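Asker: Below you'll find the structure I mean.
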Amino acid sequence: MADAQVFFDYINEGYTTKGDAIVLGAAMLEGKTITNALVKVPLKTLNRHGLIAGATGTGKTKTLQVLAENLSEKGIPVLLMDIKGDLSGLAQPSPGHPKIDERHAQIGIPFEAKNFPVEILTLSEQNGVRLRATVSEFGPVLISRILELSEAQSGVMSILFKYCDDNKLPLLDLKDLKKILQYASDEGKDDIEKSYGRISPATSGSILRKIVELEQQGGDLFFGEKSFDTDDLLRIDENGRGFINIVRLTDIQDRPKLFSTFMLCLLAEIYATFPEQGDSGRPELVIFIDEAHLIFKEASGALLDQIESIVKLIRSKGVGLYFVTQNPTDVPDAVLSQLGLKIQHALRAFTAKDRKAIKLTAENYPLSDFYKTDEVLTALGIGEALVSALNEKGIPTPLAATLMRAPMSRMDVLEEEELKTLLDNSKLLKKYNETIDRESAYEMLNEKIEIAHQKEAQEKATREKEAARQSTSSTSSRSTRSTRRTKSTFEKVLTSPTVIRSVLGILTKMMK
Ligand SMILES: Nc1ncnc2c1ncn2[C@@H]1O[C@H](COP(=O)(O)OP(=O)(O)OP(=O)(O)O)[C@@H](O)[C@H]1O
Ligand SMILES: [Mg+2]
């Protein structure tokens with residue numbers, strides 16, 4: 001047996017930090033927990049991203065919960081993508097359990113039951129603060145990426161955005177976007193062609209089909225007002241704890257495209273709005289994506305490129321991204337290679353393919369004199385994981401099989417009543433859930449078209465009347481035609497101009 005004292009010293013030295021750190025648990029050697037050999041992640045390297053992986057039921061989500069709690073306690077806000085809906089328990093203290101006490105006695109840190117400040121967000125009509133953004137805010141480049149448009153189609157999209165901007169037509173939701181497309185190949189064709197060039201009906205037809213596809217995945221739900229201000233993700237409660245913002249995505253599992261779209265948009269928005277961070281020694285926001293394979297599963301090459309670039313860039317804004325998934329191979333290599341913290345729960349070797357995956361995973365961890373990594377990977381128990389972090393100098397810490405600490409909050413979900421109370425007390429809910437029905441491109445173009453039709457009808461009637469008079473020389477003429485003129489909102493000057501954020505600029509930079 002390797003010397004436990006040597007191992008203890010090795011772990012303690014490898015995990016000593018100058019600044020503040022989060023304790024994950026205690027290191028294990030040959031299946032035994034070495035009390036007080038604490039495995040820690042320095043706050044300083046938490047913006048270097050990470051991975052939590054492992055077979056089903058091995059403790060990934062609880063590890064996520066532990067990290068979220070400890071970040072909150074250090075005053076760092078957190079954003080959680082809750083696909084299975086099993087994280088709301090963060091808002092209530094753990095009821096405790098003798099097994100939890102035993103776990104913590106082995107680790108060498110006291111167990112305290114606590115609840116945390118939680119905000120529930122939603123993309124759909126579920127209970128929670130609505131997360132929405134307008135089409136204008138996304139800008140033509142991002143919308144084109146989301147819709148996976150060709151270069152020619154993206155060009156058309158840029159023209160349409162420009163036309164709407166020039167004509168003060170707000171593009172809020174997908175209905176607006178569909179309307180302008182239809183208008184461009186119909187009533188507005190000549191007008192647009194004069195100043196911006198011709199748009200072929202075939203091109204606008206194929207763009208339209210892509211929009212309909214996105215709508216069918218429920219994409220229309222998150223385009224619109226009131227648009228979410230990402231600063232609201234950074235709230236700290238009255239006790240100095242960071243808010244844990246939980247996005248409930250239980251209805252998104254079968255709509256991976258929508259999920260990757262949403263994630264990319266959110267990350268682009270955060271990147272666009274957060275200030276550049278110097279070396280503050282701690283992250284501004286940490287984002288966890290549970291069931292992360294869903295974002296990569298159906299993402300096209302272009303979308304993947306985009307995600308990879310933004311993962312790289314967002315670090316400088318003090319934002320850490322953590323992917324939680326069963327198999328590390330679910331995450332593309334380009335993303336995997338950027339991850340600083342790796343928490344690998346047990347993998348199961350049922351098939352030859354599994355064994356290959358385990359070998360591959362083991363090779364991605366630092367070498368260790370104390371472990372045979374592939375063997376440890378299959379031997380880990382529930383709530384145990386192989387950990388490799390980055391120390392404050394950015395160098396990988398010693399590989400440590402770790403008995404993870406237990407969540408301080410409830411490991412189960414909130415009851416209906418508890419959820420209701422939480423939502424009733426939410427300040428954000430009041431801010432974002434009012435329904436705004438601002439006049440946008442859809443209504444304004446409809447009105448414009450109607451006025452054009454009225455004008456045409458009027459002219460036609462005048463012509464007919466003239467012709468009739470000439471042919472019959474009739475003297476009686478009944479003029480009952482309505483002279484009511486619809487007040488055109490299109491002509492009104494909008495008080496708030498369309499804001500097209502600089503997403504275009506950012507993406508151009510990113511693509512370089
Ligand atoms: N750190 C921990 N402390 C105490 N119990 C734990 C811990 N981690 C896991 N467990 C126990 O293991 C169970 C399964 O954990 P968890 O839900 O995190 O698994 P998972 O890997 O996310 O599974 P899935 O892939 O199915 O989502 C928990 O309900 C809990 O009872
Ligand atoms: Mg889970």
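To be explicit about the labels: the chains of the structure tokens are called A, B, and onward in the order shown, and within each one the residues are counted from 1, while ligands get numbers from 1 in the order they are shown.
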Please identify every polymer residue within 8 Å of ligand 2, using only C-alpha atoms and all ligand atoms, and present the set as number ranges by chain.

Answerer: A: 56-57, 59-62, 84, 86, 290-291

Asker: Within 8 Å of ligand 1 (counting only C-alpha atoms and all ligand atoms), which residues show up? I'd like them as a ChimeraX atom specification.

Answerer: /A:53-64,66,84,86,99-100,103,291,325-326,345,382-384,403-407,411-412

Asker: Which residues, written as number ranges by chain, have at least one atom at most 10 Å from A:Val331, with only C-alpha atoms counted and residues fewer than 2 positions away on the same chain left out?

Answerer: A: 51, 292-297, 323-329, 333-337

Asker: Give me, as a list in words, all polymer residues having an atom no more than 10 Å from stretch 354-356 of chain A, counting only C-alpha atoms and skipping those fewer than 5 positions away in the same chain.

Answerer: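 Surrounding residues, per the criterion: Asn327, Leu347, Arg348, Ala349, Thr361, Ala362, Asp374 and Thr378 of chain A.
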
Asker: Please produce an output containing C-alpha atoms for each residue in the selection, written as a PDB file, in the first residue's frame.

Answerer:
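Saved the output as again-v2.pdb:
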```
ATOM      1  CA  ASN A 327     -19.521  10.854 -21.412  1.00  0.00           C
ATOM      2  CA  LEU A 347     -17.863   5.194 -15.831  1.00  0.00           C
ATOM      3  CA  ARG A 348     -19.317   1.753 -16.403  1.00  0.00           C
ATOM      4  CA  ALA A 349     -17.657  -0.842 -18.613  1.00  0.00           C
ATOM      5  CA  THR A 361     -10.942   9.324 -20.792  1.00  0.00           C
ATOM      6  CA  ALA A 362      -8.122   8.084 -18.541  1.00  0.00           C
ATOM      7  CA  ASP A 374      -8.697   3.583 -15.860  1.00  0.00           C
ATOM      8  CA  THR A 378     -14.769   2.099 -12.961  1.00  0.00           C
TER       9      THR A 378
END
```

Asker: Please return as a VMD selection string: the residues of stretch 78-273 of chain A that backbone DSSP assigns to strand (DSSP E).

Answerer: chain A and resid 78 to 82 118 to 122 129 to 130 244 to 248

Asker: Can you pull out every residue within 9 Å of A:Phe274, counting only C-alpha atoms, but drop anything in the same chain fewer than 2 positions away, and send it as a PyMOL selection string?

Answerer: chain A and resi 230-231+269-272+276-277+317-318
